[in-house]
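Structure file model.txt; described as compact mmCIF, C-alpha atoms.
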```txt
# COMPACT_ATOMS: atom_id res chain seq x y z
CA MET A 121 70.65 105.00 113.58
CA ARG A 122 72.80 107.34 111.49
CA ILE A 123 76.43 107.69 112.57
CA ALA A 124 78.67 110.29 110.94
CA SER A 125 82.38 111.12 110.90
CA TRP A 126 83.80 114.54 110.01
CA ASN A 127 87.26 116.02 110.33
CA VAL A 128 86.18 119.63 110.79
CA ASN A 129 89.68 121.15 110.95
CA SER A 130 88.81 123.37 113.96
CA VAL A 131 85.35 123.04 115.46
CA ARG A 132 85.22 126.69 116.47
CA THR A 133 86.19 127.93 113.01
CA ARG A 134 83.59 125.70 111.29
CA LEU A 135 80.99 125.76 114.06
CA ASN A 136 78.22 127.38 112.01
CA GLN A 137 78.80 124.93 109.16
CA VAL A 138 78.71 121.95 111.50
CA LEU A 139 75.54 123.14 113.22
CA ALA A 140 73.82 123.82 109.89
CA TRP A 141 74.75 120.36 108.67
CA LEU A 142 73.45 118.77 111.87
CA GLU A 143 70.14 120.64 111.58
CA GLY A 144 69.76 119.53 107.99
CA GLU A 145 70.86 115.91 108.29
CA GLN A 146 69.85 115.05 111.86
CA PRO A 147 72.27 112.16 112.47
CA GLU A 148 71.98 110.49 115.84
CA VAL A 149 75.76 110.56 116.30
CA LEU A 150 78.47 112.79 114.85
CA CYS A 151 82.15 112.03 115.50
CA LEU A 152 84.49 114.99 115.03
CA GLN A 153 88.23 114.98 114.45
CA GLU A 154 90.80 117.75 114.54
CA THR A 155 88.68 119.87 116.86
CA LYS A 156 91.78 121.89 117.82
CA VAL A 157 90.44 123.16 121.14
CA GLU A 158 90.99 122.44 124.80
CA ASP A 159 88.12 120.77 126.63
CA GLY A 160 87.15 123.87 128.58
CA LEU A 161 86.75 125.92 125.41
CA PHE A 162 84.83 123.35 123.37
CA PRO A 163 81.53 124.97 122.23
CA ARG A 164 79.17 122.62 124.06
CA GLU A 165 76.20 124.97 124.33
CA PRO A 166 75.32 125.26 120.61
CA PHE A 167 75.33 121.47 120.28
CA GLU A 168 73.26 121.06 123.42
CA ALA A 169 70.75 123.59 122.07
CA LEU A 170 70.18 121.19 119.15
CA GLY A 171 69.65 118.28 121.53
CA TYR A 172 73.14 116.77 121.38
CA THR A 173 75.33 115.80 124.30
CA CYS A 174 79.11 115.98 123.96
CA ALA A 175 82.02 113.77 124.93
CA ILE A 176 85.33 115.45 124.18
CA SER A 177 89.07 114.97 124.31
CA GLY A 178 90.90 118.01 123.04
CA GLN A 179 94.13 119.95 123.09
CA LYS A 180 95.09 123.47 122.17
CA ALA A 181 95.57 124.17 118.44
CA TYR A 182 96.15 120.54 117.39
CA ASN A 183 94.38 117.19 117.12
CA GLY A 184 91.30 116.68 119.31
CA VAL A 185 88.32 114.33 118.97
CA ALA A 186 84.71 114.52 120.10
CA ILE A 187 81.45 112.61 119.92
CA VAL A 188 78.17 114.52 119.86
CA SER A 189 75.00 112.48 120.14
CA ARG A 190 71.24 112.77 120.46
CA LEU A 191 71.33 109.39 122.19
CA SER A 192 72.88 108.61 125.55
CA LEU A 193 76.68 108.37 125.58
CA ASP A 194 77.62 105.66 128.06
CA ASP A 195 80.99 104.39 129.28
CA VAL A 196 83.02 107.12 127.58
CA GLN A 197 86.64 106.02 127.18
CA ILE A 198 89.47 108.39 126.25
CA GLY A 199 92.86 107.43 124.84
CA PHE A 200 94.56 104.08 124.38
CA GLY A 201 95.16 103.88 128.12
CA ALA A 202 91.45 103.21 128.76
CA LEU A 203 91.95 99.63 127.53
CA LEU A 204 95.73 99.36 127.86
CA PRO A 205 96.42 100.48 131.45
CA GLY A 206 100.05 100.32 132.44
CA ASP A 207 101.21 100.20 128.82
CA ALA A 208 103.95 102.85 128.67
CA GLU A 209 103.82 103.13 124.89
CA ALA A 210 100.04 103.56 124.96
CA ASP A 211 100.48 106.34 127.52
CA ARG A 212 103.11 108.06 125.36
CA LEU A 213 101.04 107.80 122.20
CA GLY A 214 97.97 108.94 124.11
CA GLU A 215 99.49 112.33 124.85
CA GLN A 216 98.10 113.47 121.51
CA LYS A 217 94.30 113.57 121.75
CA ARG A 218 93.26 111.19 118.99
CA VAL A 219 91.08 108.46 120.55
CA ILE A 220 87.62 108.57 122.13
CA SER A 221 84.80 106.05 122.33
CA ALA A 222 81.38 105.61 123.89
CA LEU A 223 78.58 103.07 124.01
CA VAL A 224 75.56 104.27 122.05
CA GLU A 225 72.48 102.05 122.23
CA GLY A 226 74.74 99.05 122.82
CA VAL A 227 77.15 99.88 119.98
CA ARG A 228 80.73 100.89 120.80
CA VAL A 229 81.46 103.95 118.65
CA LEU A 230 85.22 104.43 118.39
CA ASN A 231 86.32 107.79 116.96
CA LEU A 232 89.92 108.09 115.74
CA TYR A 233 92.21 110.72 114.29
CA VAL A 234 95.14 108.75 112.91
CA PRO A 235 98.44 110.65 112.58
CA ASN A 236 99.28 111.92 109.11
CA GLY A 237 102.92 110.81 109.14
CA SER A 238 104.28 113.79 107.17
CA ALA A 239 106.64 111.90 104.82
CA VAL A 240 107.71 108.31 104.34
CA GLY A 241 110.83 107.66 106.39
CA SER A 242 110.39 110.64 108.70
CA ASP A 243 110.14 110.51 112.50
CA LYS A 244 106.43 111.31 112.17
CA TYR A 245 106.02 108.37 109.80
CA ALA A 246 107.61 106.03 112.36
CA TYR A 247 105.28 107.50 114.98
CA LYS A 248 102.28 106.77 112.74
CA LEU A 249 103.26 103.12 112.37
CA GLU A 250 103.77 102.83 116.15
CA TRP A 251 100.36 104.41 116.67
CA LEU A 252 98.68 101.94 114.32
CA ALA A 253 100.39 99.02 116.06
CA CYS A 254 99.08 100.32 119.39
CA LEU A 255 95.60 100.60 117.90
CA GLU A 256 95.84 96.93 116.90
CA ARG A 257 96.58 95.97 120.51
CA TYR A 258 93.75 98.20 121.71
CA LEU A 259 91.28 96.55 119.33
CA ALA A 260 92.30 93.09 120.48
CA VAL A 261 91.30 94.03 124.03
CA GLN A 262 88.10 95.67 122.84
CA GLU A 263 87.10 92.56 120.90
CA ARG A 264 87.43 90.42 124.02
CA GLN A 265 84.85 92.64 125.72
CA GLY A 266 82.26 91.35 123.26
CA GLU A 267 80.89 94.74 122.20
CA LEU A 268 79.56 95.51 118.75
CA LEU A 269 81.96 97.98 117.11
CA CYS A 270 81.66 100.93 114.77
CA MET A 271 85.17 102.35 114.25
CA LEU A 272 85.40 105.54 112.26
CA GLY A 273 87.37 108.70 111.70
CA ASP A 274 90.16 110.29 109.69
CA PHE A 275 92.57 107.42 109.03
CA ASN A 276 94.98 109.41 106.83
CA ILE A 277 95.37 106.29 104.66
CA GLY A 278 94.04 105.52 101.20
CA PRO A 279 93.66 101.75 101.60
CA GLU A 280 93.81 100.93 97.89
CA ASP A 281 94.66 102.63 94.62
CA ARG A 282 90.95 103.16 93.89
CA ASP A 283 90.92 105.50 96.91
CA LEU A 284 93.39 107.88 95.22
CA ALA A 285 92.74 110.27 92.35
CA ASP A 286 96.21 109.71 90.87
CA PRO A 287 97.46 106.32 92.08
CA GLN A 288 100.36 106.17 89.64
CA ARG A 289 101.86 109.27 91.26
CA GLN A 290 100.57 108.90 94.81
CA SER A 291 100.99 105.18 95.57
CA GLY A 292 104.03 104.53 97.71
CA GLY A 293 104.02 108.02 99.21
CA ILE A 294 102.63 109.19 102.51
CA MET A 295 99.08 107.96 103.18
CA ALA A 296 99.50 105.35 100.44
CA SER A 297 102.69 103.51 101.35
CA GLU A 298 102.59 99.75 101.71
CA PRO A 299 103.62 99.74 105.41
CA GLU A 300 100.70 102.04 106.25
CA ARG A 301 98.25 100.02 104.21
CA GLN A 302 99.52 96.76 105.67
CA ALA A 303 99.23 98.12 109.22
CA LEU A 304 95.61 99.09 108.51
CA ARG A 305 94.78 95.70 107.00
CA GLN A 306 96.37 93.96 109.97
CA LEU A 307 94.43 95.84 112.63
CA LEU A 308 91.16 95.33 110.75
CA GLY A 309 91.81 91.62 110.39
CA GLU A 310 88.76 89.62 109.40
CA ARG A 311 86.60 91.36 111.99
CA LEU A 312 86.14 94.89 110.62
CA HIS A 313 84.78 95.85 107.21
CA ASP A 314 84.89 99.08 105.19
CA VAL A 315 81.16 99.77 104.93
CA PHE A 316 81.47 102.35 102.15
CA ARG A 317 82.94 99.68 99.89
CA THR A 318 79.96 97.43 100.56
CA PHE A 319 77.81 99.92 98.68
CA GLU A 320 80.28 101.58 96.30
CA PRO A 321 83.13 99.53 94.82
CA GLY A 322 84.24 102.08 92.26
CA SER A 323 86.84 104.83 92.31
CA GLY A 324 86.15 108.56 92.08
CA HIS A 325 84.74 108.93 95.60
CA TRP A 326 86.81 111.23 97.81
CA SER A 327 86.45 112.54 101.36
CA TRP A 328 89.47 114.88 101.44
CA TRP A 329 90.78 117.47 98.98
CA ASP A 330 94.08 119.19 99.80
CA TYR A 331 93.77 122.97 100.27
CA ARG A 332 97.23 123.60 98.88
CA SER A 333 97.02 122.12 95.41
CA GLY A 334 93.67 123.31 94.06
CA ALA A 335 92.51 119.72 94.41
CA TRP A 336 88.86 120.61 94.96
CA ASP A 337 88.58 122.54 91.70
CA ARG A 338 90.06 119.57 89.81
CA ASP A 339 88.25 116.99 91.96
CA GLU A 340 91.55 115.29 92.76
CA GLY A 341 90.94 113.92 96.23
CA TRP A 342 91.57 110.97 98.47
CA ARG A 343 89.24 108.68 100.39
CA ILE A 344 90.90 108.70 103.80
CA ASP A 345 87.86 109.09 106.09
CA HIS A 346 86.43 105.65 106.80
CA ILE A 347 83.75 103.79 108.73
CA TYR A 348 84.46 100.20 109.72
CA LEU A 349 81.84 97.82 111.11
CA ASP A 350 81.97 94.36 112.56
CA GLN A 351 79.98 91.75 110.64
CA GLU A 352 76.90 91.98 112.84
CA LEU A 353 76.57 95.71 112.25
CA LEU A 354 77.53 95.42 108.59
CA ASP A 355 74.56 93.11 108.10
CA LEU A 356 72.36 95.94 109.40
CA ALA A 357 73.88 98.71 107.26
CA THR A 358 71.52 100.16 104.66
CA GLY A 359 73.82 102.76 103.14
CA CYS A 360 77.02 104.78 103.46
CA VAL A 361 77.59 108.12 101.73
CA ILE A 362 80.14 110.93 101.56
CA HIS A 363 78.56 114.38 101.84
CA ARG A 364 80.99 116.01 99.46
CA ALA A 365 78.92 119.17 98.99
CA THR A 366 80.21 120.53 102.31
CA ARG A 367 83.69 120.86 100.76
CA GLY A 368 82.25 123.54 98.48
CA ASN A 369 81.25 125.78 101.42
CA PRO A 370 83.02 129.11 101.93
CA GLN A 371 86.05 128.49 104.17
CA PRO A 372 85.33 124.76 104.37
CA SER A 373 87.07 121.97 106.13
CA ASP A 374 89.24 120.08 103.66
CA HIS A 375 87.29 116.94 104.63
CA ALA A 376 83.67 115.98 103.98
CA PRO A 377 81.38 114.06 106.35
CA VAL A 378 80.90 110.33 105.88
CA VAL A 379 77.63 108.83 107.13
CA VAL A 380 76.48 105.26 107.68
CA ASN A 381 72.87 104.28 108.21
CA LEU A 382 72.16 101.28 110.43
CA ALA A 383 68.83 99.52 110.89
CA TRP A 384 69.42 99.66 114.63
CA PRO A 385 67.98 98.43 116.83
CA PRO A 386 66.74 95.50 114.72
CA ASP A 387 62.98 95.55 114.23
CA ASP A 388 62.28 92.11 115.66
CA GLU A 389 63.88 88.90 116.78
CA ASP A 390 64.23 87.67 113.21
CA ASP A 391 66.56 90.59 112.52
CA GLN A 392 68.76 90.02 115.53
CA PRO A 393 72.42 89.23 114.66
CA LEU A 394 73.31 85.57 115.08
```
Here is the file; what I need is its structure written in the form of C-alpha cells.
Amino acid sequence: MRIASWNVNSVRTRLNQVLAWLEGEQPEVLCLQETKVEDGLFPREPFEALGYTCAISGQKAYNGVAIVSRLSLDDVQIGFGALLPGDAEADRLGEQKRVISALVEGVRVLNLYVPNGSAVGSDKYAYKLEWLACLERYLAVQERQGELLCMLGDFNIGPEDRDLADPQRQSGGIMASEPERQALRQLLGERLHDVFRTFEPGSGHWSWWDYRSGAWDRDEGWRIDHIYLDQELLDLATGCVIHRATRGNPQPSDHAPVVVNLAWPPDDEDDQPL
C-alpha cells in the first residue's frame, strides 16, 4: 500500500497536476493539505473518475485537508473534537480545517496541516504551540484505541538541522525554533517514527522550496512534509521518497509529494506484527 502526502497549495489551481501525478504514480491513498476550498466546491468528480473516493474538510481560501483513496475510507474523523469531545480548546483550534483521518485497510491515516506560526514570538507562533499541544492530547487518546497509525502531512517544522538547507541562518527561527522542535518530539514520543529517515539519513533532501526567495533555482529548501509510522508499520515499510520533480512544474505547488510504501497487508502469518 502506497500512502502519499502533498500540500497542493489550492487543489483547484493544481488540479490537473494532481490528477496527472495520480495517474502516473497510482498510490492507494493521497492526503492533501492546503486545499483552500469549501467542501461543496471540492472537485470530487475528477478524482472519482480515476477511481478515488474523497473525504474532505475544507474552508474558503485557507487551510483545508482531504484524503483521496482507491481503498475504502472507514470511520472518517474530522478535527480534534472527534477524539476530544467537550474540550473547549480543541473546539477553538478545530475552527481552522487542519485535521482529518480515516481507517484504510485497518490503518488509521491521520492527515495534518500544522500551522506555520509566522514568526517566533508572534500570536500565530503561540497558536502553533497550542495546536501542537492539542495534537499531543489527541494522539494519546488515539493510541488508547489500539489502531495502527500513519500520521502525515505538512508539519511546518524542520525537525533537525539536516532538514534545513542553511541551518546556521535558519535554526532558531520559525519552523526551526527549539520550542517547535521540542513540541514535535514530545508528541511523537517513542511511538512514532520518521520513516523517511529510516531510509535516508543524510541532508540535502527537501520537500518545500519558498516561492519568494528563488529557493527552487538554488535548491535551498526545507524538509517539512513528513510521514510518521508506529513501530508495527515501520517494520513493514519498504521505502519513502520525495517526488521533488513536481516542484519544477509550471505554476507548481511550493511543496512536493512524499510517499511511503508499506508491505500491507502482510503476506502471511510470519509477517504479522508482534
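One finds atom CA of A:Trp329 at 4.5 Å from atom CA of A:Gly341.
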Check: From the list A:Leu213, A:Arg343, A:Asn129, A:Arg228, which residue is nearest A:Ala246 when using all atoms listed in the file?
Finding: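 Going through A:Leu213, A:Arg343, A:Asn129, A:Arg228 one by one, the smallest distance to A:Ala246 is for A:Leu213.
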Margin query: What does the structure give for the distance between atom CA of A:Ala376 and atom CA of A:Ser221, in Å to one decimal?
Written below: 20.9 Å
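For the atom pair formed by atom CA of A:Gly293 and atom CA of A:Asn276, the distance is 11.9 Å, given to one decimal.
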Enumerate, in order of chain and increasing residue number, the residues of stretch 266-297 of chain A with an atom no farther than 9 Å from stretch 321-324 of chain A, each with its shortest atom pair and distance in Å to one decimal, counting only C-alpha atoms, as a Markdown table.
```
| residue | atom | partner | partner_atom | distance |
| --- | --- | --- | --- | --- |
| A:Asp281 | CA | A:Ser323 | CA | 8.4 |
| A:Arg282 | CA | A:Ser323 | CA | 4.7 |
| A:Asp283 | CA | A:Ser323 | CA | 6.2 |
| A:Leu284 | CA | A:Ser323 | CA | 7.8 |
| A:Ala285 | CA | A:Gly324 | CA | 6.8 |
```
Note to self: So, with all atoms listed in the file as the atoms that count, which of A:Asn136, A:Ser189, A:Gln288, A:Gln262 lies closest to A:Arg122?
What the structure shows: A:Ser189
Notebook entry, point to check: Of the candidates A:Ile176, A:Gly199, A:Glu298, A:Leu230, which one gets nearest to A:Cys254 if we count only C-alpha atoms?
Noted result: A:Gly199
Notebook entry, point to check: Leaving out A:Ile344 and any residue of its chain fewer than 3 positions from it, which residues lie within 9 Å of it when counting only C-alpha atoms, given as a ChimeraX atom specification?
Noted result: /A:273-279,283-284,295,326-328
Because the input lacks atoms here, generate N, CA and C atoms for stretch 256-286 of chain A and report them as a compact mmCIF listing (two decimals), in the frame of the given file.
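Wrote it out as part19.txt, contents follow:
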```txt
# COMPACT_ATOMS: atom_id res chain seq x y z
N GLU A 256 96.10 98.36 117.07
CA GLU A 256 95.84 96.93 116.90
C GLU A 256 95.73 96.23 118.26
N ARG A 257 96.64 96.55 119.17
CA ARG A 257 96.58 95.97 120.51
C ARG A 257 95.30 96.40 121.24
N TYR A 258 94.96 97.64 121.09
CA TYR A 258 93.75 98.20 121.71
C TYR A 258 92.51 97.45 121.21
N LEU A 259 92.44 97.23 119.90
CA LEU A 259 91.28 96.55 119.33
C LEU A 259 91.19 95.10 119.78
N ALA A 260 92.31 94.47 119.99
CA ALA A 260 92.30 93.09 120.48
C ALA A 260 91.64 93.01 121.85
N VAL A 261 91.94 93.99 122.71
CA VAL A 261 91.30 94.03 124.03
C VAL A 261 89.82 94.33 123.88
N GLN A 262 89.50 95.30 123.04
CA GLN A 262 88.10 95.67 122.84
C GLN A 262 87.28 94.49 122.33
N GLU A 263 87.84 93.71 121.44
CA GLU A 263 87.10 92.56 120.90
C GLU A 263 86.77 91.56 122.00
N ARG A 264 87.68 91.38 122.94
CA ARG A 264 87.43 90.42 124.02
C ARG A 264 86.29 90.87 124.94
N GLN A 265 85.96 92.15 124.90
CA GLN A 265 84.85 92.64 125.72
C GLN A 265 83.49 92.27 125.12
N GLY A 266 83.48 91.83 123.88
CA GLY A 266 82.26 91.35 123.26
C GLY A 266 81.30 92.43 122.79
N GLU A 267 81.77 93.65 122.63
CA GLU A 267 80.89 94.74 122.20
C GLU A 267 80.83 94.81 120.68
N LEU A 268 79.67 95.16 120.16
CA LEU A 268 79.56 95.51 118.75
C LEU A 268 80.39 96.78 118.51
N LEU A 269 81.02 96.88 117.33
CA LEU A 269 81.96 97.98 117.11
C LEU A 269 81.71 98.69 115.79
N CYS A 270 81.60 100.02 115.91
CA CYS A 270 81.66 100.93 114.77
C CYS A 270 82.88 101.81 114.97
N MET A 271 83.91 101.59 114.17
CA MET A 271 85.17 102.35 114.25
C MET A 271 85.23 103.30 113.06
N LEU A 272 85.46 104.56 113.34
CA LEU A 272 85.40 105.54 112.26
C LEU A 272 86.32 106.71 112.55
N GLY A 273 86.56 107.51 111.51
CA GLY A 273 87.37 108.70 111.70
C GLY A 273 88.21 109.02 110.48
N ASP A 274 89.18 109.91 110.71
CA ASP A 274 90.16 110.29 109.69
C ASP A 274 91.35 109.35 109.87
N PHE A 275 91.51 108.42 108.92
CA PHE A 275 92.57 107.42 109.03
C PHE A 275 93.85 107.86 108.32
N ASN A 276 93.80 108.92 107.54
CA ASN A 276 94.98 109.41 106.83
C ASN A 276 95.67 108.29 106.05
N ILE A 277 94.87 107.37 105.50
CA ILE A 277 95.37 106.29 104.66
C ILE A 277 94.36 106.05 103.55
N GLY A 278 94.83 106.02 102.31
CA GLY A 278 94.04 105.52 101.20
C GLY A 278 94.30 104.04 101.08
N PRO A 279 93.36 103.18 101.48
CA PRO A 279 93.66 101.75 101.60
C PRO A 279 94.08 101.07 100.30
N GLU A 280 93.53 101.55 99.18
CA GLU A 280 93.81 100.93 97.89
C GLU A 280 93.97 102.02 96.84
N ASP A 281 94.46 101.64 95.68
CA ASP A 281 94.66 102.63 94.62
C ASP A 281 93.34 103.28 94.19
N ARG A 282 92.23 102.56 94.28
CA ARG A 282 90.95 103.16 93.89
C ARG A 282 90.52 104.27 94.83
N ASP A 283 91.21 104.43 95.96
CA ASP A 283 90.92 105.50 96.91
C ASP A 283 91.74 106.75 96.67
N LEU A 284 92.52 106.76 95.58
CA LEU A 284 93.39 107.88 95.22
C LEU A 284 93.02 108.38 93.84
N ALA A 285 93.05 109.70 93.66
CA ALA A 285 92.74 110.27 92.35
C ALA A 285 93.83 109.98 91.33
N ASP A 286 95.08 109.91 91.77
CA ASP A 286 96.21 109.71 90.87
C ASP A 286 97.12 108.63 91.45
```
